[in-house]
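J.: Structure supplied as data37.cif; contents: mmCIF, C-alpha atoms.
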data_protein
#
loop_
_atom_site.label_atom_id
_atom_site.label_comp_id
_atom_site.auth_asym_id
_atom_site.auth_seq_id
_atom_site.Cartn_x
_atom_site.Cartn_y
_atom_site.Cartn_z
CA MET A 1 99.45 89.90 67.24
CA LYS A 2 100.02 89.60 70.96
CA HIS A 3 97.00 89.45 73.27
CA PRO A 4 96.34 92.99 74.55
CA LEU A 5 95.26 91.81 78.03
CA PRO A 6 97.17 88.68 79.08
CA ALA A 7 96.35 87.11 82.44
CA VAL A 8 100.02 87.32 83.49
CA ARG A 9 102.70 89.25 81.62
CA SER A 10 105.49 87.62 83.65
CA VAL A 11 105.55 85.58 86.84
CA LYS A 12 107.87 87.99 88.62
CA ALA A 13 105.80 91.04 87.64
CA ALA A 14 102.58 89.28 88.67
CA VAL A 15 103.88 88.43 92.14
CA VAL A 16 105.30 91.91 92.77
CA GLY A 17 102.20 93.66 91.42
CA SER A 18 99.84 91.54 93.53
CA ILE A 19 101.82 92.24 96.71
CA LEU A 20 101.99 95.99 96.07
CA LEU A 21 98.23 96.17 95.51
CA MET A 22 97.20 93.94 98.39
CA LEU A 23 99.64 95.00 101.12
CA PRO A 24 98.28 98.54 101.84
CA TYR A 25 94.76 97.22 102.36
CA LEU A 26 95.90 94.41 104.63
CA PHE A 27 97.21 97.05 107.04
CA PHE A 28 93.70 98.47 107.36
CA LEU A 29 92.22 95.27 108.76
CA PRO A 30 91.11 95.22 112.44
CA GLY A 31 93.94 94.88 114.92
CA ARG A 32 96.31 97.32 113.18
CA GLU A 33 96.23 99.96 115.95
CA ILE A 34 99.27 101.66 114.44
CA LEU A 35 96.93 103.31 111.93
CA GLY A 36 94.81 104.89 114.64
CA PRO A 37 91.05 104.74 115.18
CA LEU A 38 89.99 105.52 111.61
CA PRO A 39 91.19 102.70 109.32
CA ALA A 40 87.96 102.90 107.30
CA VAL A 41 88.60 106.57 106.49
CA TYR A 42 92.14 105.80 105.33
CA ALA A 43 90.90 102.89 103.22
CA VAL A 44 88.26 105.09 101.57
CA LEU A 45 90.80 107.82 100.77
CA LEU A 46 93.17 105.28 99.26
CA THR A 47 90.35 103.82 97.20
CA VAL A 48 89.13 107.17 95.87
CA TYR A 49 92.46 108.75 95.05
CA LEU A 50 94.79 105.89 94.12
CA LEU A 51 93.07 102.54 93.59
CA PRO A 52 91.71 103.05 90.03
CA VAL A 53 95.07 104.27 88.73
CA ALA A 54 96.92 101.48 90.56
CA LEU A 55 94.61 98.79 89.15
CA CYS A 56 94.98 100.06 85.58
CA LEU A 57 98.75 100.34 85.99
CA VAL A 58 99.09 96.78 87.32
CA THR A 59 96.93 95.52 84.43
CA THR A 60 99.33 96.78 81.76
CA VAL A 61 102.58 96.11 83.63
CA CYS A 62 101.77 92.82 85.39
CA GLY A 63 98.59 91.37 83.89
CA VAL A 64 94.86 91.02 84.52
CA LEU A 65 95.15 88.35 87.22
CA PRO A 66 97.24 90.47 89.65
CA MET A 67 94.81 93.35 89.07
CA LEU A 68 91.85 91.13 89.99
CA MET A 69 93.61 89.90 93.13
CA GLY A 70 94.27 93.48 94.21
CA LEU A 71 90.68 94.50 93.47
CA ILE A 72 89.24 91.58 95.45
CA THR A 73 91.54 92.36 98.39
CA ALA A 74 90.56 96.03 98.38
CA LEU A 75 86.84 95.33 98.22
CA SER A 76 87.09 92.61 100.88
CA THR A 77 88.90 95.00 103.23
CA ILE A 78 86.28 97.70 102.66
CA ALA A 79 83.55 95.14 103.37
CA THR A 80 85.27 94.13 106.61
CA LEU A 81 85.58 97.73 107.77
CA MET A 82 82.30 99.21 106.50
CA GLY A 83 80.01 96.29 105.77
CA THR A 84 77.95 95.63 102.66
CA THR A 85 77.19 99.31 102.11
CA GLY A 86 80.87 100.22 101.88
CA LEU A 87 81.49 97.28 99.57
CA LEU A 88 78.70 98.28 97.17
CA LEU A 89 79.74 101.95 97.09
CA SER A 90 83.39 101.05 96.47
CA ALA A 91 82.45 98.64 93.70
CA LEU A 92 80.14 101.24 92.16
CA TYR A 93 83.10 103.61 91.91
CA VAL A 94 86.00 101.33 90.97
CA VAL A 95 84.51 98.60 88.75
CA PRO A 96 83.11 100.87 85.96
CA ILE A 97 86.45 102.73 85.72
CA VAL A 98 88.53 99.58 85.45
CA GLY A 99 85.99 98.08 83.07
CA ALA A 100 86.17 101.13 80.79
CA PHE A 101 89.96 100.96 80.76
CA LEU A 102 89.96 97.23 79.93
CA ALA A 103 87.48 97.84 77.10
CA ALA A 104 89.62 100.67 75.69
CA VAL A 105 92.72 98.44 75.64
CA TRP A 106 90.85 95.38 74.36
CA PHE A 107 89.29 97.22 71.42
CA ARG A 108 92.34 99.46 71.00
CA VAL A 109 90.31 102.66 71.16
CA PRO A 110 92.60 105.58 70.19
CA PHE A 111 93.82 107.66 73.11
CA LYS A 112 92.12 110.83 71.89
CA LYS A 113 88.78 109.06 72.27
CA SER A 114 89.42 106.68 75.18
CA CYS A 115 90.87 109.32 77.53
CA PRO A 116 87.77 111.59 77.42
CA ILE A 117 85.59 108.49 77.80
CA LEU A 118 87.49 107.42 80.92
CA ILE A 119 87.19 110.92 82.39
CA GLY A 120 83.45 110.77 81.77
CA VAL A 121 83.22 107.37 83.46
CA HIS A 122 85.02 108.85 86.50
CA VAL A 123 82.51 111.69 86.68
CA ALA A 124 79.56 109.31 86.34
CA ALA A 125 80.95 106.89 88.97
CA LEU A 126 81.61 109.60 91.56
CA ALA A 127 78.25 111.24 90.87
CA ALA A 128 76.51 107.86 91.26
CA VAL A 129 78.22 107.24 94.61
CA PHE A 130 77.23 110.72 95.76
CA ALA A 131 73.61 110.17 94.64
CA VAL A 132 73.41 106.86 96.49
CA CYS A 133 74.84 108.41 99.66
CA GLN A 134 72.34 111.24 99.40
CA TYR A 135 69.51 108.74 99.05
CA MET A 136 70.72 106.74 102.05
CA THR A 137 70.86 109.86 104.24
CA GLY A 138 67.48 111.21 103.13
CA GLY A 139 69.01 113.93 100.96
CA ASP A 140 71.08 115.34 103.84
CA LEU A 141 74.52 113.81 103.33
CA TYR A 142 76.53 116.78 104.58
CA ASN A 143 74.72 117.07 107.92
CA ALA A 144 74.76 113.29 108.34
CA ALA A 145 78.55 113.26 107.88
CA GLY A 146 78.88 116.08 110.42
CA ASN A 147 76.79 114.17 112.94
CA ILE A 148 78.86 111.00 112.45
CA ALA A 149 82.10 112.92 113.02
CA ALA A 150 80.73 114.64 116.12
CA ASP A 151 79.40 111.39 117.61
CA PHE A 152 82.76 109.71 117.02
CA LEU A 153 84.66 112.50 118.80
CA LYS A 154 82.16 112.50 121.65
CA ASN A 155 82.58 108.78 122.34
CA TRP A 156 86.29 108.35 121.55
CA GLU A 157 88.59 108.36 124.58
CA MET A 158 90.95 110.83 122.87
CA GLY A 159 88.10 112.96 121.52
CA ASP A 160 88.46 115.79 124.03
CA LEU A 161 92.15 116.19 123.29
CA LEU A 162 91.53 116.24 119.54
CA LEU A 163 88.72 118.77 119.93
CA TYR A 164 90.99 121.07 121.90
CA GLU A 165 93.70 120.67 119.23
CA PHE A 166 91.16 121.67 116.57
CA TYR A 167 90.30 124.72 118.64
CA ALA A 168 93.96 125.63 119.19
CA MET A 169 94.60 125.43 115.42
CA GLY A 170 91.62 127.67 114.71
CA LEU A 171 89.63 125.00 112.87
CA ILE A 172 86.66 125.26 115.23
CA ASP A 173 85.35 127.99 117.50
CA LEU A 174 84.37 128.10 121.18
CA ASN A 175 82.00 130.48 122.91
CA GLU A 176 83.96 133.19 124.67
CA SER A 177 82.19 132.60 127.97
CA LEU A 178 83.37 128.96 127.99
CA ARG A 179 87.02 129.49 127.14
CA GLU A 180 88.39 130.15 130.61
CA ASN A 181 87.26 126.86 132.15
CA ALA A 182 87.16 124.73 129.00
CA MET A 183 89.68 122.15 130.24
CA GLN A 184 89.15 120.28 133.51
CA SER A 185 91.87 118.32 135.30
CA GLY A 186 91.19 114.63 135.89
CA LEU A 187 93.09 111.92 137.76
CA TYR A 188 95.37 111.00 134.86
CA SER A 189 94.40 113.43 132.09
CA PHE A 190 92.58 116.60 131.12
CA THR A 191 89.00 116.61 129.85
CA LEU A 192 86.68 119.23 128.45
CA SER A 193 83.80 120.60 130.46
CA GLU A 194 80.38 119.43 129.35
CA ALA A 195 79.45 122.88 128.04
CA ALA A 196 82.74 123.34 126.16
CA ARG A 197 82.52 119.86 124.64
CA ALA A 198 78.95 120.44 123.44
CA ASP A 199 79.88 123.79 121.89
CA MET A 200 82.96 122.35 120.17
CA LEU A 201 81.01 119.38 118.82
CA LEU A 202 78.46 121.78 117.36
CA SER A 203 81.31 123.67 115.72
CA VAL A 204 82.69 120.41 114.33
CA ARG A 205 79.33 119.60 112.75
CA THR A 206 79.27 123.02 111.11
CA MET A 207 82.87 122.71 109.89
CA ILE A 208 82.33 119.25 108.36
CA THR A 209 79.09 120.32 106.69
CA GLU A 210 80.55 123.47 105.16
CA ARG A 211 83.74 121.83 103.97
CA LEU A 212 81.99 118.86 102.38
CA GLN A 213 79.76 121.24 100.42
CA VAL A 214 82.94 122.51 98.74
CA MET A 215 85.04 119.34 98.76
CA ILE A 216 82.61 116.93 97.09
CA PRO A 217 81.83 119.07 93.99
CA ASN A 218 85.55 119.85 93.73
CA LEU A 219 86.31 116.13 94.02
CA ILE A 220 83.87 115.18 91.26
CA ALA A 221 85.31 117.77 88.88
CA SER A 222 89.06 117.74 89.57
CA GLN A 223 89.60 114.15 90.74
CA SER A 224 87.67 112.81 87.76
CA LEU A 225 89.88 114.75 85.37
CA LEU A 226 93.22 114.01 87.02
CA SER A 227 92.45 110.37 87.80
CA GLY A 228 90.93 109.81 84.35
CA VAL A 229 94.10 111.07 82.69
CA GLY A 230 96.25 109.14 85.17
CA CYS A 231 94.40 105.91 84.41
CA MET A 232 95.47 106.25 80.78
CA LEU A 233 98.84 108.00 80.93
CA LEU A 234 100.64 105.93 83.58
CA PRO A 235 99.41 102.44 82.53
CA LEU A 236 100.06 102.99 78.83
CA ARG A 237 103.46 104.58 79.34
CA PHE A 238 104.85 102.20 81.96
CA GLY A 239 103.14 99.21 80.39
CA TYR A 240 104.96 99.97 77.15
CA LEU A 241 108.29 100.44 78.95
CA ALA A 242 107.83 97.15 80.83
CA GLU A 243 107.00 95.31 77.62
CA GLU A 244 110.00 96.89 75.92
CA LYS A 245 112.27 95.85 78.77
CA ARG A 246 111.01 92.30 78.67
CA ALA A 247 111.48 92.17 74.92
CA PHE A 248 114.84 93.86 74.59
CA ARG A 249 116.29 93.62 78.14
CA ARG A 250 117.09 97.29 78.43
CA GLU A 251 115.63 100.31 80.24
CA GLU A 252 115.94 103.30 77.92
CA PRO A 253 112.72 104.57 76.31
CA ALA A 254 111.96 103.08 72.93
CA GLU A 255 111.55 106.41 71.17
CA GLU A 256 115.25 107.16 71.76
CA SER A 257 116.34 104.15 69.71
CA GLY A 258 113.69 104.27 66.99
CA ILE A 259 112.31 100.75 67.51
CA LYS A 260 108.85 101.59 68.78
CA GLN A 261 107.15 99.62 66.00
CA SER A 262 108.91 96.41 67.13
CA VAL A 263 107.17 96.33 70.52
CA ASP A 264 103.70 94.80 70.32
CA PHE A 265 101.88 96.77 73.01
CA PRO A 266 98.49 98.55 72.78
CA ASP A 267 99.72 102.12 73.38
CA LEU A 268 96.48 103.44 71.79
CA GLU A 269 98.52 106.01 69.82
CA MET A 270 99.08 108.09 72.94
CA PRO A 271 101.40 111.04 72.19
CA PRO A 272 104.50 111.55 74.38
CA PHE A 273 103.54 113.32 77.59
CA GLN A 274 106.11 116.07 77.04
CA THR A 275 104.15 117.21 73.98
CA TRP A 276 100.75 117.49 75.65
CA HIS A 277 99.31 120.97 75.23
CA LEU A 278 96.10 122.86 74.55
CA PRO A 279 95.51 124.44 71.16
CA ARG A 280 95.55 128.20 71.31
CA GLY A 281 91.76 128.68 70.97
CA ILE A 282 90.88 126.00 73.51
CA GLY A 283 93.45 127.45 75.89
CA TRP A 284 91.64 130.80 75.90
CA GLN A 285 88.33 129.05 76.54
CA VAL A 286 89.75 127.10 79.50
CA GLY A 287 91.31 130.31 80.83
CA LEU A 288 87.97 132.12 80.69
CA ALA A 289 86.31 129.12 82.40
CA LEU A 290 88.93 129.34 85.15
CA ILE A 291 88.23 133.04 85.74
CA ALA A 292 84.45 132.55 85.61
CA GLY A 293 84.60 129.63 88.01
CA TYR A 294 86.76 131.59 90.45
CA LEU A 295 84.28 134.49 90.49
CA LEU A 296 81.18 132.30 90.71
CA ARG A 297 82.53 130.60 93.85
CA PHE A 298 81.68 133.76 95.79
CA SER A 299 78.06 133.85 94.64
CA GLY A 300 75.38 134.00 97.31
CA THR A 301 73.24 131.50 95.37
CA HIS A 302 74.12 127.95 96.41
CA ALA A 303 73.60 126.36 92.98
CA VAL A 304 75.69 129.03 91.24
CA LYS A 305 78.41 128.67 93.87
CA ILE A 306 78.59 124.90 93.35
CA ALA A 307 78.74 125.39 89.58
CA GLY A 308 81.60 127.85 90.06
CA ILE A 309 83.49 125.40 92.29
CA MET A 310 83.20 122.62 89.72
CA LEU A 311 84.08 124.90 86.80
CA TYR A 312 87.14 126.25 88.57
CA ALA A 313 88.26 122.76 89.63
CA ALA A 314 87.94 121.37 86.10
CA ALA A 315 89.74 124.29 84.44
CA SER A 316 92.53 124.31 87.03
CA GLY A 317 92.92 120.54 86.55
CA VAL A 318 93.43 121.04 82.81
CA PHE A 319 96.18 123.59 83.41
CA MET A 320 97.74 121.36 86.07
CA ILE A 321 98.08 118.56 83.51
CA GLN A 322 99.65 120.97 81.04
CA GLY A 323 101.99 122.21 83.77
CA ALA A 324 103.05 118.62 84.48
CA ALA A 325 103.71 118.09 80.76
CA PHE A 326 105.84 121.25 80.68
CA ILE A 327 107.88 120.09 83.68
CA ASN A 328 108.34 116.69 82.03
CA PHE A 329 109.57 118.45 78.88
CA MET A 330 112.11 120.53 80.83
CA GLN A 331 113.29 117.50 82.82
CA LYS A 332 113.80 115.38 79.72
CA ARG A 333 115.72 118.19 78.06
CA ARG A 334 118.01 118.32 81.09
CA GLY A 335 118.42 114.54 81.16
CA THR A 336 116.61 114.01 84.48
CA LYS A 337 116.15 110.38 85.53
CA ARG A 338 112.74 108.83 84.97
CA PHE A 339 112.07 108.45 88.71
CA TRP A 340 112.22 112.22 89.22
CA ARG A 341 110.26 112.89 86.04
CA VAL A 342 107.39 110.97 87.65
CA LEU A 343 107.77 112.01 91.28
CA VAL A 344 108.16 115.77 90.89
CA PRO A 345 104.91 116.39 88.91
CA LEU A 346 102.99 114.08 91.25
CA LEU A 347 104.18 116.03 94.30
CA LEU A 348 103.34 119.34 92.64
CA MET A 349 99.81 118.07 91.96
CA THR A 350 99.09 118.78 95.62
CA THR A 351 99.77 122.52 95.17
CA PRO A 352 98.31 125.28 92.94
CA PHE A 353 101.85 125.94 91.67
CA LEU A 354 101.43 123.42 88.86
CA MET A 355 98.36 125.25 87.57
CA PHE A 356 100.30 128.50 87.24
CA ILE A 357 103.06 126.68 85.35
CA GLY A 358 100.43 125.37 82.92
CA ILE A 359 98.98 128.86 82.43
CA PHE A 360 102.47 130.25 81.85
CA ASP A 361 103.22 127.57 79.25
CA GLN A 362 99.88 128.06 77.50
CA PHE A 363 100.30 131.77 76.93
CA ASN A 364 104.06 131.82 76.30
CA ASN A 365 104.52 128.74 74.08
CA VAL A 366 107.90 127.97 75.67
CA ARG A 367 108.00 124.48 74.15
CA GLY A 368 107.28 125.81 70.66
CA LEU A 369 104.41 123.38 70.09
CA ARG A 370 101.89 125.92 68.80
CA LYS A 371 102.43 127.50 65.43
CA PRO A 372 102.40 131.29 65.54
CA PRO A 373 99.34 132.87 63.94
CA GLU A 374 99.84 133.64 60.27
CA PRO A 375 100.18 137.37 59.51
CA LYS A 376 97.22 138.91 57.74
CA GLU A 377 97.78 140.18 54.26
CA ASP A 378 97.87 143.90 53.89
CA MET A 379 95.01 145.17 51.72
CA PHE A 380 97.06 148.17 50.63
CA PRO A 381 100.53 147.03 49.56
#
Let me see the file written as structure tokens.

T.:
Amino acid sequence: MKHPLPAVRSVKAAVVGSILLMLPYLFFLPGREILGPLPAVYAVLLTVYLLPVALCLVTTVCGVLPMLMGLITALSTIATLMGTTGLLLSALYVVPIVGAFLAAVWFRVPFKKSCPILIGVHVAALAAVFAVCQYMTGGDLYNAAGNIAADFLKNWEMGDLLLYEFYAMGLIDLNESLRENAMQSGLYSFTLSEAARADMLLSVRTMITERLQVMIPNLIASQSLLSGVGCMLLPLRFGYLAEEKRAFRREEPAEESGIKQSVDFPDLEMPPFQTWHLPRGIGWQVGLALIAGYLLRFSGTHAVKIAGIMLYAAASGVFMIQGAAFINFMQKRRGTKRFWRVLVPLLLMTTPFLMFIGIFDQFNNVRGLRKPPEPKEDMFP
């Protein structure tokens, strides 16, 4: 039996995978003014949303060594931009997720068990990072983030212009008495008056604080679900296809030629994505959770509101995954190329549209995956 986690699956794949992982982070290093004044923010967003999936994908397609090189590069860049604190927080998030994935592949844990485990590890990792940040800010993370953003805009040379753009877009407010003389003409540029700047910075603090109170619980619930599934689905699927291509020198999926058993790859018995669906009973439960979460978001009690945000985010994430599976089913039936079968669902993940597709599929059974309920016998023939 072939080793489930080889150091290098092929030299070419290892080189390409290492470059693709390392290159984005190298652009964040100091001196890359093309990325603007916030390279650390961009690096953090890339790490949270894409790095775990990318590392798991490179592991199965290219090997463990390219994955480790990408991980070291990412953590080193974070350390350069944010110091030891950023390094530790990034490692606290990424390392447990990658470790759980490697363990699942090494021990060949079936997909139906390993996928929920990986989702749970995502939740625990994000919650741990949040708890550490709360501890470091004395339990006032949201206000601390607002103060950092306001101080940055106050001291940045382009801060006044950005503040005015925020105001023009309606993102922040300005006292009516200060609006008429908010902008003052300088020798080479326009600046805000002291009073207008102070009022806008206060509005920025409020905006950041309020939005983080919604964004972070939503991130823990929805990102954990979507990224947890992505860390299993994409690596196992494309890892199998890459292994098949290396073995048989062709690109078509193995299931179309009936030779799946000939490819020695730990697919963990993952079912084809086009068949993913919720059983009828569970679908109703998720639907009720979605409605309850939506209503609880408007509660006046902070704890209930946060619970509603997380419940709604988790339930909507489940339906988004089902919507992506439905789109994949329709694309395969129409003979769509694999590139578009991957790209289209990923793009739709950024909109609520995918959730509504999943709800439609759940309650209409378009794919015919759920057996119709058996008719009850008539007591009086």

J.: Please produce, as a Markdown table, a per-residue contact table for stretch 226-308 of chain A versus stretch 87-103 of chain A (criterion: any atom at most 9 Å away, all atoms listed in the file considered), showing the nearest atom pair and its distance in Å to one decimal, sorted by chain then residue number.

T.:
| residue | atom | partner | partner_atom | distance |
| --- | --- | --- | --- | --- |
| A:Gly228 | CA | A:Ile97 | CA | 8.5 |
| A:Cys231 | CA | A:Phe101 | CA | 7.6 |
| A:Met232 | CA | A:Phe101 | CA | 7.6 |

J.: Contacts between stretch 39-54 of chain A and stretch 152-252 of chain A, please, where a residue of stretch 152-252 of chain A counts if it comes within 10 Å (with all atoms listed in the file); show its shortest atom pair and distance in Å to one decimal, rows by chain and ascending number, as CSV.

T.:
residue,atom,partner,partner_atom,distance
A:Leu219,CA,A:Val48,CA,9.6
A:Gln223,CA,A:Tyr49,CA,7.5
A:Ser224,CA,A:Tyr49,CA,9.6
A:Leu226,CA,A:Tyr49,CA,9.6
A:Ser227,CA,A:Val53,CA,6.7
A:Gly228,CA,A:Val53,CA,8.2
A:Val229,CA,A:Val53,CA,9.1
A:Gly230,CA,A:Val53,CA,6.1
A:Cys231,CA,A:Val53,CA,4.7
A:Met232,CA,A:Val53,CA,8.2
A:Leu233,CA,A:Val53,CA,9.4
A:Leu234,CA,A:Val53,CA,7.8
A:Pro235,CA,A:Val53,CA,7.8

J.: Give me the result of the PyMOL selection byres ((chain A and resi 274-291) around 6) on this file, residue by residue, as a count of residues only.

T.: 11

J.: Considering only C-alpha atoms, can you say which of A:Met158, A:Leu174, A:Gly86, A:Leu57 comes closest to A:Cys133?

T.: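 Ranking A:Met158, A:Leu174, A:Gly86, A:Leu57 by distance to A:Cys133, first place goes to A:Gly86.
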
J.: Restricting the calculation to all atoms listed in the file: of A:Thr336, A:Asn181, A:Phe265, A:Thr206, which residue gets closest to A:Glu194?

T.: A:Asn181

J.: When you look at A:Ala195 with a cut-off of 9 Å (counting only C-alpha atoms), what residues show up, excluding the ones that are within fewer than 3 positions of it in the same chain? I need them as a PyMOL selection string.

T.: chain A and resi 178+182+192+198-200

J.: Please enumerate the residues selected by the PyMOL selection byres ((chain A and resi 346) around 12) when evaluated against the supplied file, formatted as a PyMOL selection string.

T.: chain A and resi 50+226-227+230+234+320-321+323-325+327-328+339-345+347-351+353-354

J.: Could you state the separation of atom CA of A:Leu171 and atom CA of A:Ala307 in Å, given to one decimal place?

T.: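 Result for atom CA of A:Leu171 versus atom CA of A:Ala307: 25.7 Å, one decimal.
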
J.: Expand the PyMOL selection byres ((chain A and resi 134-146) around 10) into the explicit residue set it covers here, and present it as a ChimeraX atom specification.

T.: /A:85,128-133,147-152,201-213,216

J.: So how far away is atom CA of A:Leu296 from atom CA of A:Ile309, in Å?

T.: 7.4 Å

J.: Would you kindly return, as a list in words, each protein, DNA or RNA residue with an atom no farther than 8 Å from any atom of A:Leu268, considering only C-alpha atoms and excluding same-chain residues fewer than 4 positions away?

T.: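 In the requested form, the answer reads Val105, Arg108, Val109, Pro110, Phe111 and Leu236 of chain A.
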
J.: Taking only C-alpha atoms into account, name the residue in A:Met169, A:Leu118, A:Leu23, A:Met355 that is nearest to A:Ala74.

T.: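 When distances to A:Ala74 are compared using only C-alpha atoms, the smallest one comes from A:Leu23.
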
J.: Mind pulling up the distance from atom CA of A:Ser18 to atom CA of A:Ser76?

T.: 14.8 Å

J.: Give me the residues within 10 Å of stretch 62-69 of chain A as a list in words, counting all atoms listed in the file and dropping any in the same chain fewer than 6 places off.

T.: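 My reading of the contact set: Pro4, Leu5, Pro6, Ala7, Val8, Arg9, Ser10, Val11, Lys12, Ala13, Ala14, Val15, Val16, Gly17, Ser18, Ile19, Leu20, Leu21, Met22, Ala54, Leu55, Cys56, Val98, Leu102, Gly239, Ala242 and Glu243 of chain A.
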